[in-house]
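Quick look at work.cif (mmCIF, C-alpha atoms):
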```
data_run
loop_
_atom_site.label_atom_id
_atom_site.label_comp_id
_atom_site.auth_asym_id
_atom_site.auth_seq_id
_atom_site.Cartn_x
_atom_site.Cartn_y
_atom_site.Cartn_z
CA MET E 1025 21.81 -0.26 3.63
CA SER E 1026 24.15 2.32 5.18
CA LEU E 1027 23.29 4.10 8.43
CA SER E 1028 22.72 7.35 6.54
CA GLY E 1029 20.41 5.55 4.15
CA ARG E 1030 18.37 4.05 7.00
CA LEU E 1031 18.11 7.41 8.74
CA PHE E 1032 17.03 9.04 5.48
CA CYS E 1033 14.28 6.48 4.88
CA ALA E 1034 13.08 6.80 8.48
CA ALA E 1035 12.84 10.57 8.14
CA VAL E 1036 10.85 10.30 4.91
CA GLN E 1037 8.43 7.77 6.40
CA CYS E 1038 7.94 9.85 9.53
CA SER E 1039 7.20 12.95 7.45
CA LEU E 1040 4.50 11.24 5.42
CA ALA E 1041 2.96 9.32 8.31
CA LEU E 1042 2.62 12.40 10.47
CA THR E 1043 1.24 14.70 7.80
CA LEU E 1044 -1.21 12.93 5.52
CA PRO E 1045 -3.64 11.57 8.14
CA LEU E 1046 -3.79 14.87 10.00
CA CYS E 1047 -4.90 16.68 6.86
CA VAL E 1048 -7.83 14.37 6.23
CA VAL E 1049 -9.68 15.19 9.41
CA ALA E 1050 -11.06 18.60 8.44
CA GLN E 1051 -11.20 19.79 4.84
CA ASP E 1052 -12.37 23.36 4.66
CA GLY E 1053 -15.54 22.61 6.60
CA GLN E 1054 -16.81 20.13 4.01
CA PRO E 1055 -18.92 17.15 5.14
CA PRO E 1056 -17.31 13.73 5.44
CA VAL E 1057 -16.88 11.92 2.13
CA PRO E 1058 -18.56 8.50 1.87
CA ARG E 1059 -16.07 5.67 1.80
CA ILE E 1060 -16.18 3.19 -1.04
CA PRO E 1061 -16.80 -0.42 0.01
CA GLU E 1062 -13.70 -2.36 1.01
CA ILE E 1063 -12.62 -5.45 -0.89
CA VAL E 1064 -13.14 -8.48 1.34
CA VAL E 1065 -10.61 -11.25 0.73
CA LYS E 1066 -9.64 -14.31 2.76
CA VAL E 1067 -6.13 -14.44 4.22
CA ASN E 1068 -4.97 -17.25 1.93
CA GLU E 1069 -6.17 -15.66 -1.29
CA VAL E 1070 -4.40 -13.52 -3.87
CA ILE E 1071 -6.12 -10.55 -5.50
CA VAL E 1072 -5.29 -9.86 -9.14
CA PRO E 1073 -6.54 -6.50 -10.49
CA VAL E 1074 -6.89 -6.78 -14.28
CA VAL E 1075 -7.52 -4.22 -17.02
CA VAL E 1076 -8.55 -5.59 -20.42
CA ARG E 1077 -8.27 -3.37 -23.50
CA ASN E 1078 -9.56 -3.63 -27.05
CA ALA E 1079 -7.65 -2.81 -30.22
CA GLN E 1080 -8.44 0.89 -29.73
CA GLY E 1081 -6.86 0.89 -26.27
CA GLU E 1082 -10.21 1.29 -24.49
CA SER E 1083 -10.87 -0.70 -21.32
CA VAL E 1084 -13.48 -3.43 -21.73
CA GLY E 1085 -16.17 -4.05 -19.10
CA THR E 1086 -18.28 -6.81 -20.66
CA LEU E 1087 -16.33 -9.94 -19.70
CA THR E 1088 -17.45 -12.63 -17.26
CA GLN E 1089 -15.56 -14.92 -14.92
CA GLU E 1090 -15.54 -17.68 -17.55
CA ASP E 1091 -13.53 -15.42 -19.88
CA PHE E 1092 -10.49 -15.39 -17.57
CA GLN E 1093 -7.72 -17.88 -16.82
CA VAL E 1094 -5.12 -17.36 -14.08
CA PHE E 1095 -1.84 -19.30 -14.09
CA ASP E 1096 0.38 -19.49 -10.99
CA ASN E 1097 3.89 -20.60 -11.97
CA GLY E 1098 2.32 -22.06 -15.09
CA LYS E 1099 -0.47 -23.94 -13.30
CA LEU E 1100 -4.10 -23.08 -14.04
CA GLN E 1101 -5.94 -21.86 -10.93
CA THR E 1102 -9.61 -22.01 -9.93
CA LEU E 1103 -11.03 -18.55 -9.32
CA THR E 1104 -12.60 -18.08 -5.88
CA GLY E 1105 -13.74 -14.51 -6.51
CA PHE E 1106 -14.68 -12.25 -9.40
CA SER E 1107 -15.73 -8.60 -9.46
CA LEU E 1108 -15.98 -5.70 -11.87
CA ILE E 1109 -15.44 -2.06 -10.93
CA ASP E 1110 -16.94 0.64 -13.15
CA ARG E 1111 -14.84 3.67 -12.25
CA ALA E 1112 -17.03 6.06 -14.20
CA GLY E 1113 -19.59 5.70 -11.43
CA GLU E 1114 -17.27 3.92 -8.97
CA THR E 1115 -19.49 0.84 -8.88
CA ASN E 1116 -17.37 -1.26 -6.59
CA SER E 1117 -18.61 -4.58 -5.32
CA ALA E 1118 -16.63 -6.62 -2.84
CA VAL E 1119 -15.00 -9.70 -4.29
CA SER E 1120 -17.75 -12.30 -4.12
CA PRO E 1121 -17.28 -16.08 -3.98
CA ALA E 1122 -17.00 -17.44 -7.48
CA SER E 1123 -19.21 -20.38 -6.60
CA THR E 1124 -22.27 -18.13 -6.26
CA ASN E 1125 -24.33 -16.61 -9.06
CA ASP E 1126 -25.14 -13.41 -7.20
CA THR E 1127 -23.71 -10.61 -9.33
CA SER E 1128 -25.65 -7.74 -7.77
CA PRO E 1129 -23.19 -4.96 -6.89
CA VAL E 1130 -23.09 -2.92 -3.75
CA ALA E 1131 -25.18 0.24 -4.16
CA ALA E 1132 -23.08 2.59 -6.28
CA GLN E 1133 -22.61 6.30 -5.97
CA SER E 1134 -23.79 8.42 -8.88
CA PRO E 1135 -20.99 9.96 -10.98
CA SER E 1136 -21.73 13.39 -9.51
CA ASP E 1137 -21.04 12.04 -6.01
CA VAL E 1138 -17.74 10.34 -6.84
CA GLN E 1139 -14.80 11.89 -5.00
CA ARG E 1140 -11.13 11.06 -5.20
CA SER E 1141 -8.10 11.10 -2.94
CA VAL E 1142 -5.04 11.61 -5.12
CA VAL E 1143 -1.39 11.68 -4.05
CA PHE E 1144 1.20 12.93 -6.54
CA VAL E 1145 4.58 11.38 -5.73
CA PHE E 1146 7.55 13.15 -7.33
CA ASP E 1147 10.66 10.97 -7.49
CA ASP E 1148 12.98 13.91 -6.92
CA LEU E 1149 15.78 11.57 -5.85
CA ASN E 1150 16.13 10.24 -9.39
CA MET E 1151 14.90 13.10 -11.57
CA SER E 1152 17.28 15.56 -13.18
CA SER E 1153 16.63 19.29 -12.75
CA GLY E 1154 15.21 19.52 -16.27
CA GLU E 1155 12.90 16.53 -15.77
CA LEU E 1156 11.62 17.90 -12.48
CA THR E 1157 10.97 21.34 -13.99
CA ARG E 1158 8.85 19.85 -16.78
CA ALA E 1159 6.95 17.65 -14.33
CA LYS E 1160 6.25 20.58 -12.00
CA GLN E 1161 4.86 22.64 -14.85
CA ALA E 1162 2.54 19.84 -16.01
CA VAL E 1163 1.10 19.05 -12.57
CA SER E 1164 0.79 22.71 -11.55
CA LYS E 1165 -1.28 23.36 -14.68
CA LEU E 1166 -3.52 20.42 -13.74
CA PHE E 1167 -4.32 22.04 -10.39
CA GLU E 1168 -5.29 25.23 -12.23
CA THR E 1169 -7.71 23.56 -14.64
CA SER E 1170 -8.67 19.96 -13.82
CA LEU E 1171 -8.92 19.38 -10.07
CA PRO E 1172 -12.62 19.40 -9.05
CA PRO E 1173 -13.54 20.96 -5.70
CA SER E 1174 -14.74 17.56 -4.46
CA ASP E 1175 -11.30 15.96 -4.87
CA MET E 1176 -8.56 15.95 -2.27
CA ALA E 1177 -4.91 15.86 -3.30
CA ALA E 1178 -1.43 15.83 -1.84
CA VAL E 1179 1.99 16.53 -3.28
CA ALA E 1180 4.76 14.37 -1.85
CA SER E 1181 8.32 13.61 -2.88
CA THR E 1182 10.55 10.63 -2.29
CA SER E 1183 13.02 12.92 -0.53
CA GLY E 1184 10.46 13.62 2.20
CA SER E 1185 8.53 16.79 1.35
CA ASN E 1186 4.76 16.57 1.73
CA SER E 1187 1.93 19.08 1.35
CA GLY E 1188 -0.60 17.02 3.28
CA LEU E 1189 -3.97 16.09 1.82
CA THR E 1190 -5.95 19.22 0.95
CA ARG E 1191 -8.37 20.89 -1.44
CA ASP E 1192 -6.36 24.12 -1.35
CA HIS E 1193 -4.97 24.59 -4.87
CA ILE E 1194 -2.64 27.38 -3.74
CA LYS E 1195 -1.09 25.16 -1.10
CA LEU E 1196 -0.61 22.35 -3.62
CA GLN E 1197 1.02 24.64 -6.17
CA GLN E 1198 3.33 26.05 -3.51
CA ALA E 1199 4.38 22.53 -2.57
CA ILE E 1200 5.23 21.91 -6.22
CA ARG E 1201 7.26 25.11 -6.48
CA ASN E 1202 9.26 24.08 -3.41
CA LEU E 1203 10.43 20.81 -4.98
CA LYS E 1204 14.11 20.62 -5.91
CA ALA E 1205 16.01 17.86 -7.65
CA GLN E 1206 18.23 15.88 -5.30
CA THR E 1207 21.47 14.08 -6.21
CA THR E 1208 21.21 11.17 -3.80
CA TYR E 1209 21.03 8.45 -6.47
CA HIS E 1210 22.57 10.27 -9.41
CA ILE E 1211 25.64 8.72 -11.01
CA ASN E 1212 28.78 10.80 -10.47
CA SER E 1213 30.07 11.56 -13.95
CA LEU E 1214 33.58 11.91 -12.48
CA ASP E 1215 33.69 8.33 -11.19
CA CYS E 1216 36.44 6.27 -12.76
CA PRO E 1217 35.23 4.09 -14.31
CA ASN E 1218 31.73 5.55 -14.66
CA ILE E 1219 29.34 2.56 -14.52
CA ASP E 1220 25.73 2.30 -13.37
CA TYR E 1221 23.79 -0.24 -11.31
CA TYR E 1222 22.87 -2.35 -14.34
CA GLN E 1223 26.46 -2.90 -15.49
CA ALA E 1224 27.68 -3.24 -11.91
CA ASP E 1225 25.12 -5.97 -11.22
CA LEU E 1226 26.32 -7.85 -14.29
CA ILE E 1227 29.88 -7.66 -12.97
CA LEU E 1228 29.36 -8.54 -9.30
CA ASN E 1229 26.21 -10.68 -9.27
CA LYS E 1230 26.02 -12.20 -12.75
CA GLY E 1231 29.72 -12.87 -13.41
CA ASP E 1232 29.47 -11.21 -16.82
CA GLY E 1233 32.99 -11.16 -18.28
CA ALA E 1234 32.10 -8.75 -21.08
CA ALA E 1235 30.72 -6.18 -18.62
CA LEU E 1236 33.86 -6.46 -16.50
CA ALA E 1237 36.15 -6.18 -19.54
CA ALA E 1238 34.30 -3.05 -20.62
CA ALA E 1239 34.71 -1.53 -17.15
CA ILE E 1240 38.44 -2.39 -17.11
CA SER E 1241 38.88 -0.80 -20.54
CA ASP E 1242 37.04 2.29 -19.34
CA ALA E 1243 39.23 2.43 -16.21
CA MET E 1244 42.41 2.23 -18.28
CA ILE E 1245 41.28 5.28 -20.22
CA CYS E 1246 39.82 7.48 -17.46
CA ALA E 1247 42.72 6.79 -15.08
CA GLY E 1248 45.32 7.27 -17.80
CA LEU E 1249 46.92 3.89 -17.11
CA PRO E 1250 49.54 2.56 -19.53
CA ASP E 1251 49.55 -0.98 -20.86
CA GLY E 1252 50.57 -3.51 -18.23
CA HIS E 1253 48.52 -1.90 -15.47
CA GLU E 1254 45.38 -3.96 -15.99
CA ALA E 1255 45.44 -5.14 -12.36
CA GLU E 1256 45.02 -1.56 -11.18
CA ALA E 1257 42.21 -1.04 -13.67
CA LEU E 1258 40.51 -4.22 -12.42
CA GLN E 1259 40.62 -2.92 -8.85
CA LEU E 1260 39.12 0.42 -9.93
CA ALA E 1261 36.38 -1.40 -11.87
CA GLN E 1262 35.47 -3.63 -8.91
CA GLN E 1263 35.37 -0.69 -6.51
CA ALA E 1264 33.14 1.32 -8.86
CA ALA E 1265 30.86 -1.70 -9.32
CA ARG E 1266 30.46 -2.13 -5.57
CA ARG E 1267 29.57 1.55 -5.14
CA ALA E 1268 27.02 1.35 -7.96
CA VAL E 1269 25.38 -1.81 -6.57
CA ASP E 1270 25.15 -0.35 -3.07
CA MET E 1271 23.57 2.84 -4.40
CA GLY E 1272 21.20 0.96 -6.73
CA GLU E 1273 19.97 -1.30 -3.94
CA GLN E 1274 19.42 1.63 -1.61
CA ASP E 1275 17.55 3.42 -4.41
CA PHE E 1276 14.95 0.70 -4.99
CA ARG E 1277 14.56 -0.02 -1.27
CA SER E 1278 13.90 3.59 -0.30
CA ASN E 1279 11.56 4.20 -3.26
CA LEU E 1280 9.50 1.03 -2.83
CA ASP E 1281 9.33 1.48 0.95
CA PHE E 1282 8.13 5.04 0.47
CA LEU E 1283 5.46 3.99 -2.04
CA ARG E 1284 4.28 1.27 0.32
CA LEU E 1285 3.93 3.80 3.09
CA VAL E 1286 1.91 6.11 0.82
CA ILE E 1287 -0.38 3.22 -0.16
CA ASN E 1288 -0.90 2.21 3.46
CA THR E 1289 -1.84 5.81 4.24
CA ILE E 1290 -4.22 6.54 1.37
CA GLY E 1291 -5.81 3.10 1.72
CA GLU E 1292 -7.71 4.61 4.66
CA LEU E 1293 -8.85 7.69 2.74
CA PRO E 1294 -12.32 8.32 1.26
CA GLY E 1295 -13.36 8.04 -2.34
CA GLN E 1296 -11.40 6.64 -5.25
CA ARG E 1297 -7.75 6.26 -4.20
CA ILE E 1298 -5.08 7.13 -6.72
CA LEU E 1299 -1.30 7.36 -6.43
CA ILE E 1300 0.41 9.09 -9.35
CA LEU E 1301 4.12 8.32 -9.55
CA ILE E 1302 6.15 10.86 -11.52
CA SER E 1303 9.59 9.42 -12.13
CA PRO E 1304 12.33 8.57 -14.64
CA GLY E 1305 12.19 5.06 -13.20
CA PHE E 1306 14.70 3.03 -11.19
CA LEU E 1307 16.15 -0.46 -11.48
CA THR E 1308 14.33 -3.29 -9.69
CA PHE E 1309 15.59 -6.51 -11.27
CA SER E 1310 17.01 -8.23 -8.17
CA GLU E 1311 15.17 -10.97 -6.29
CA GLU E 1312 14.79 -8.67 -3.27
CA ALA E 1313 13.26 -5.94 -5.43
CA MET E 1314 10.83 -8.39 -7.03
CA LYS E 1315 9.59 -9.46 -3.60
CA LEU E 1316 9.21 -5.86 -2.46
CA LYS E 1317 7.18 -5.04 -5.58
CA ALA E 1318 4.96 -8.08 -5.05
CA GLN E 1319 4.31 -7.10 -1.43
CA LEU E 1320 3.53 -3.52 -2.46
CA LEU E 1321 1.05 -4.70 -5.10
CA GLU E 1322 -0.65 -7.01 -2.61
CA ILE E 1323 -1.18 -4.10 -0.22
CA ALA E 1324 -2.44 -1.85 -3.02
CA SER E 1325 -4.88 -4.50 -4.25
CA LYS E 1326 -6.41 -5.03 -0.82
CA ALA E 1327 -6.63 -1.29 -0.19
CA ASN E 1328 -8.15 -0.65 -3.63
CA VAL E 1329 -5.42 1.85 -4.53
CA THR E 1330 -4.69 2.52 -8.19
CA ILE E 1331 -1.12 3.41 -9.16
CA ASN E 1332 -0.70 5.54 -12.28
CA ALA E 1333 2.75 6.55 -13.49
CA ILE E 1334 4.37 8.94 -15.92
CA ASP E 1335 7.90 8.56 -17.27
CA VAL E 1336 9.30 12.09 -17.19
CA ARG E 1337 12.14 11.17 -19.53
CA GLY E 1338 9.77 11.41 -22.49
CA LEU E 1339 11.60 10.60 -25.71
CA TYR E 1340 15.09 10.15 -24.33
CA SER E 1341 18.48 9.39 -25.87
CA THR E 1342 21.25 7.24 -24.40
CA ASP E 1343 23.92 8.14 -26.95
CA LEU E 1344 27.24 9.36 -25.58
CA GLU E 1345 29.69 11.83 -26.97
CA ALA E 1346 33.11 10.40 -27.72
CA SER E 1347 34.63 12.74 -25.13
CA SER E 1348 32.76 10.99 -22.34
CA ALA E 1349 34.65 7.78 -23.14
CA GLY E 1350 38.03 9.41 -23.57
CA GLY E 1351 37.71 9.53 -27.35
CA ASN E 1352 37.76 5.71 -27.61
CA PRO E 1353 35.03 4.50 -30.02
CA GLY E 1354 34.98 1.02 -28.49
CA ALA E 1355 34.48 2.34 -24.98
CA THR E 1356 31.74 4.66 -26.26
CA ALA E 1357 29.92 1.75 -27.91
CA ASN E 1358 30.09 -0.34 -24.73
CA LYS E 1359 28.81 2.49 -22.55
CA THR E 1360 25.97 3.23 -24.94
CA MET E 1361 24.91 -0.43 -25.01
CA TYR E 1362 24.77 -0.73 -21.22
CA ARG E 1363 23.01 2.61 -20.83
CA GLN E 1364 20.39 1.63 -23.39
CA LYS E 1365 19.61 -1.59 -21.53
CA SER E 1366 19.61 0.20 -18.19
CA ALA E 1367 17.30 2.96 -19.46
CA SER E 1368 14.85 0.41 -20.83
CA LEU E 1369 14.74 -1.53 -17.55
CA LYS E 1370 14.23 1.62 -15.45
CA GLY E 1371 10.75 2.06 -16.88
CA SER E 1372 9.80 -1.54 -16.09
CA VAL E 1373 8.99 -0.80 -12.45
CA MET E 1374 6.38 1.78 -13.46
CA ALA E 1375 4.81 -0.63 -15.95
CA GLU E 1376 4.63 -3.35 -13.30
CA LEU E 1377 3.09 -1.12 -10.64
CA THR E 1378 0.47 0.29 -12.99
CA ASN E 1379 -0.40 -3.05 -14.58
CA GLY E 1380 -0.64 -4.65 -11.15
CA THR E 1381 -3.20 -2.14 -9.86
CA GLY E 1382 -5.27 -1.40 -12.96
CA GLY E 1383 -3.54 1.89 -13.59
CA ILE E 1384 -2.10 3.75 -16.59
CA TYR E 1385 1.57 4.10 -17.55
CA PHE E 1386 2.31 7.15 -19.71
CA HIS E 1387 5.69 6.97 -21.43
CA ASP E 1388 7.69 7.61 -24.62
CA SER E 1389 6.11 11.02 -25.07
CA ASN E 1390 7.21 14.57 -24.38
CA ALA E 1391 3.60 15.75 -23.93
CA LEU E 1392 3.72 15.54 -20.14
CA GLY E 1393 0.70 17.83 -19.74
CA SER E 1394 -1.67 15.50 -21.58
CA GLY E 1395 -0.03 12.57 -19.82
CA VAL E 1396 -0.84 13.95 -16.38
CA ASP E 1397 -4.43 14.61 -17.45
CA SER E 1398 -4.86 11.01 -18.60
CA LEU E 1399 -3.49 9.66 -15.29
CA PHE E 1400 -5.94 11.60 -13.17
CA SER E 1401 -8.72 9.02 -13.48
CA GLY E 1402 -7.39 5.72 -14.83
CA PRO E 1403 -9.12 3.04 -16.95
CA LYS E 1404 -12.91 2.98 -16.74
CA TYR E 1405 -13.23 -0.76 -16.02
CA LEU E 1406 -11.22 -2.89 -13.59
CA TYR E 1407 -11.67 -6.61 -12.89
CA LEU E 1408 -10.70 -8.14 -9.55
CA LEU E 1409 -9.86 -11.84 -9.68
CA THR E 1410 -8.99 -13.93 -6.62
CA PHE E 1411 -7.71 -17.46 -6.19
CA SER E 1412 -6.80 -19.59 -3.18
CA ILE E 1413 -3.23 -20.34 -2.12
CA ASP E 1414 -4.14 -22.69 0.74
CA LYS E 1415 -1.95 -25.39 -0.78
CA VAL E 1416 1.01 -23.09 -1.49
CA ARG E 1417 3.92 -23.33 0.95
CA PRO E 1418 4.44 -19.98 2.76
CA ASN E 1419 8.18 -20.02 2.09
CA GLY E 1420 8.63 -16.45 0.90
CA MET E 1421 9.26 -17.53 -2.69
CA TYR E 1422 8.19 -15.41 -5.65
CA HIS E 1423 5.43 -16.86 -7.84
CA SER E 1424 4.94 -15.61 -11.40
CA LEU E 1425 1.39 -14.94 -12.62
CA LYS E 1426 -0.05 -14.95 -16.12
CA ILE E 1427 -3.59 -13.87 -16.96
CA LYS E 1428 -5.33 -14.90 -20.16
CA VAL E 1429 -8.69 -13.89 -21.63
CA LYS E 1430 -10.60 -16.03 -24.11
CA PRO E 1431 -11.84 -13.28 -26.46
CA LYS E 1432 -9.26 -12.65 -29.17
CA LYS E 1433 -7.71 -9.30 -30.00
CA LEU E 1434 -7.86 -8.16 -26.36
CA THR E 1435 -4.81 -7.24 -24.31
CA VAL E 1436 -4.40 -7.81 -20.57
CA GLU E 1437 -2.69 -5.63 -17.96
CA ALA E 1438 -2.16 -7.34 -14.60
CA ARG E 1439 0.36 -7.93 -11.85
CA SER E 1440 3.21 -10.26 -12.77
CA GLY E 1441 3.54 -12.18 -9.49
CA TYR E 1442 3.23 -12.47 -5.72
CA VAL E 1443 5.27 -13.68 -2.76
CA ALA E 1444 4.07 -16.87 -1.03
CA GLY E 1445 3.59 -16.32 2.67
CA ASN E 1446 3.62 -12.52 2.25
#
```

With the file now loaded, output its structure as C-alpha cells.
Amino acid sequence: MSLSGRLFCAAVQCSLALTLPLCVVAQDGQPPVPRIPEIVVKVNEVIVPVVVRNAQGESVGTLTQEDFQVFDNGKLQTLTGFSLIDRAGETNSAVSPASTNDTSPVAAQSPSDVQRSVVFVFDDLNMSSGELTRAKQAVSKLFETSLPPSDMAAVASTSGSNSGLTRDHIKLQQAIRNLKAQTTYHINSLDCPNIDYYQADLILNKGDGAALAAAISDAMICAGLPDGHEAEALQLAQQAARRAVDMGEQDFRSNLDFLRLVINTIGELPGQRILILISPGFLTFSEEAMKLKAQLLEIASKANVTINAIDVRGLYSTDLEASSAGGNPGATANKTMYRQKSASLKGSVMAELTNGTGGIYFHDSNALGSGVDSLFSGPKYLYLLTFSIDKVRPNGMYHSLKIKVKPKKLTVEARSGYVAGN
C-alpha cells in the first residue's frame, strides 16, 4: 500500500476509535443497558454462525445439533458446541459443550427490554453521488420513523466521518447530510486503456491472454495508435493494469480493516450488536482478501456482531455506449463482458459477510427504503456451531467450510471459511 494509503487508513481508524467509545459512556442520562451474555469459546475452536431458512425465506429455529453437519476442507467435523439465539427476545446462551445434554439457556431479556447498538457504515469511497444520495434518503427516513428510543446508533463512513454512538436523531440525520461521495477508488474514465481491478487481475496475476488482448485493442483505439504500434499499446495496457491492481488492493484492505475496527469497537457495546454496511460492493477475490474476510468473520462471531448489508446499486446495468469504446463494437463487447463479471463479484463480499454472521443481504432491488427497514433487526433465529481445530496446523492457510442440514427444502447461510492459526 502507498504511503498516502497507509496514512488515510490510519486517520480513519483513529477517528472511529476515538469517537465511538466516548459516546457510549453517557446517553442522555439513561441508565446503563444490560449486556447480553458473551459467547464463550476455546482458543482452538471455530465458531460458525448459521441461519437456516424455509421455502418462504423465514428463518427456522426448531433444529437440533444432530440436524447439522460441518465440513472443513471437505472433511466432516465433530461439533463441540451448539447454541440457538432467538433474536425476537434475544435469548442468547453461551456456546455449550456438545457432549452435554443441558440445553437450558441463560436467562433471557423480555422483548420489551431488548436494546440494540447499531452502526450504519456508508461506503462513500466506492459509492457514486447518485447511490449515496439514495442511501442517505433511505437511512434518514428510518431515523424519523423506526429507531426506538431504547436503541443507540452511529453513522460512520469508510472515508472517516463518524457521528459517535447516540440516541439523538437530529445528530444522526445531520451526520447523514454531511456525507459526500469520494473518488478515492473510482475508475478514471479518461484512463487509456480504461480497465478495472477485475480485468487487471486477469492480466497481471492470472496470465489471461484474452484479457490482455482486449486491453491492447482498447489502448490502440483510445490512444489513436496506427497498426504496427502494438508494442506501445501493450505498454499502456500493462501500466493501466498495474494502476488498477494497486487501487483494487488498497480498496479491499482499507474497507476490510475499517470494518474490523468497527466490529472490535461495537463488540464491547450493550444490547444486540448490528453493523449495517451500505455499499455498491468491492472486489475481494485475492488470497489476501479471503484471509482478511475470514479474520473479520472470526472476530464478529466471537463478539456476537451481526453484519447486514444493502447493495445500493439496486437494479444496475453494465452496458456501455459505443462511444465509450471508440465506436468499436468488439471493444464494447469486451468491456461489457468484463464489467458484468466485475459487477457480479463486487456484491460477493456483502453476501459473505452477512452469511458469515447470520445477517441479511438486500440486493437487486431499487426499494432501498424497505431494504434498510429489513436490515434493522436481522433473521429471528441464529445457530452457533463450534468445532475443534486442535489437530489443524496453524500455518495461516485458508480452510473452506460447508454446512449441511438434514431436513430437506431448507437453505443454509453461513461463513465460507476460516484461516488456520488466525

Who sits within 9 Å of Ser1241 of chain E, all atoms listed in the file, same chain under 6 positions skipped, as a list in words: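 Answer for this query is Pro1217, Glu1254, Ala1257, Leu1258 and Ala1355 of chain E.
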
For segment 1418-1428 of chain E: contacts at 7 Å, all atoms listed in the file, fewer than 3 positions along chain excluded, given as an MDAnalysis selection string: chainID E and resid 1092:1097 1315 1440:1446

Would you save the residues of that selection, restricted to C-alpha atoms, as a PDB file, in the coordinates of the input?
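Listed below is the output, selection23.pdb:
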```pdb
ATOM      1  CA  PHE E1092     -10.490 -15.390 -17.570  1.00  0.00           C
ATOM      2  CA  GLN E1093      -7.720 -17.880 -16.820  1.00  0.00           C
ATOM      3  CA  VAL E1094      -5.120 -17.360 -14.080  1.00  0.00           C
ATOM      4  CA  PHE E1095      -1.840 -19.300 -14.090  1.00  0.00           C
ATOM      5  CA  ASP E1096       0.380 -19.490 -10.990  1.00  0.00           C
ATOM      6  CA  ASN E1097       3.890 -20.600 -11.970  1.00  0.00           C
ATOM      7  CA  LYS E1315       9.590  -9.460  -3.600  1.00  0.00           C
ATOM      8  CA  SER E1440       3.210 -10.260 -12.770  1.00  0.00           C
ATOM      9  CA  GLY E1441       3.540 -12.180  -9.490  1.00  0.00           C
ATOM     10  CA  TYR E1442       3.230 -12.470  -5.720  1.00  0.00           C
ATOM     11  CA  VAL E1443       5.270 -13.680  -2.760  1.00  0.00           C
ATOM     12  CA  ALA E1444       4.070 -16.870  -1.030  1.00  0.00           C
ATOM     13  CA  GLY E1445       3.590 -16.320   2.670  1.00  0.00           C
ATOM     14  CA  ASN E1446       3.620 -12.520   2.250  1.00  0.00           C
TER      15      ASN E1446
END
```

Starting from the shown file, work through the PyMOL selection byres ((chain E and resi 1264) around 9) and note down what comes out as a ChimeraX atom specification. /E:1215-1220,1224,1239,1259-1263,1265-1269

With C-alpha atoms retained, export the selected residues as a short mmCIF file (atom, residue, chain, number, x, y, z; two decimals), in the coordinates of the input.
```cif
data_model
loop_
_atom_site.label_atom_id
_atom_site.label_comp_id
_atom_site.auth_asym_id
_atom_site.auth_seq_id
_atom_site.Cartn_x
_atom_site.Cartn_y
_atom_site.Cartn_z
CA ASP E 1215 33.69 8.33 -11.19
CA CYS E 1216 36.44 6.27 -12.76
CA PRO E 1217 35.23 4.09 -14.31
CA ASN E 1218 31.73 5.55 -14.66
CA ILE E 1219 29.34 2.56 -14.52
CA ASP E 1220 25.73 2.30 -13.37
CA ALA E 1224 27.68 -3.24 -11.91
CA ALA E 1239 34.71 -1.53 -17.15
CA GLN E 1259 40.62 -2.92 -8.85
CA LEU E 1260 39.12 0.42 -9.93
CA ALA E 1261 36.38 -1.40 -11.87
CA GLN E 1262 35.47 -3.63 -8.91
CA GLN E 1263 35.37 -0.69 -6.51
CA ALA E 1265 30.86 -1.70 -9.32
CA ARG E 1266 30.46 -2.13 -5.57
CA ARG E 1267 29.57 1.55 -5.14
CA ALA E 1268 27.02 1.35 -7.96
CA VAL E 1269 25.38 -1.81 -6.57
#
```

Pick out the residues sitting within 8 Å of segment 1303-1312 of chain E, and hand them over as an MDAnalysis selection string; count all atoms listed in the file, and ignore anything fewer than 6 positions along from it in its own chain. chainID E and resid 1146:1148 1150:1151 1221:1222 1272 1275:1276 1333:1337 1366 1369:1374

So how many Å separate atom CA of Leu1377 of chain E and atom CA of Arg1191 of chain E, to one decimal?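 We find that atom CA of Leu1377 of chain E and atom CA of Arg1191 of chain E lie 26.5 Å from each other.
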
Can you turn the PyMOL selection byres ((chain E and resi 1403) around 10) into a concrete residue list for this file, as a PyMOL selection string? chain E and resi 1075-1077+1081-1084+1110-1112+1330+1332+1382-1384+1398-1402+1404-1406

Using only C-alpha atoms, determine which residues lie at most 10 Å from Asn1288 of chain E, disregarding the query and same-chain residues fewer than 5 positions distant; provide the list as a list in words. Ala1041, Phe1282, Leu1283, Leu1293, Leu1320, Ile1323, Ala1324, Ala1327 and Val1329 of chain E

I'd like to know which of E:Glu1069, E:Asp1388, E:Asp1251, E:Glu1256 is closest to Leu1339 of chain E, using all atoms listed in the file.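 Closest to Leu1339 of chain E, using all atoms listed in the file: E:Asp1388.
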
Using only C-alpha atoms, which residues sit within 6 Å of segment 1175-1182 of chain E once same-chain residues fewer than 4 positions away are excluded, as a PyMOL selection string? chain E and resi 1139-1147+1186-1191

Using only C-alpha atoms, which of E:Thr1360, E:Gly1231, E:Ile1211, E:Glu1168 sits nearest Asp1192 of chain E?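 Answer, going by the shortest atom-to-atom distance: E:Glu1168.
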
So the first atom is atom CA of Thr1086 of chain E and the second is atom CA of Leu1108 of chain E; what is the distance between them in Å, to one decimal place? 9.2 Å
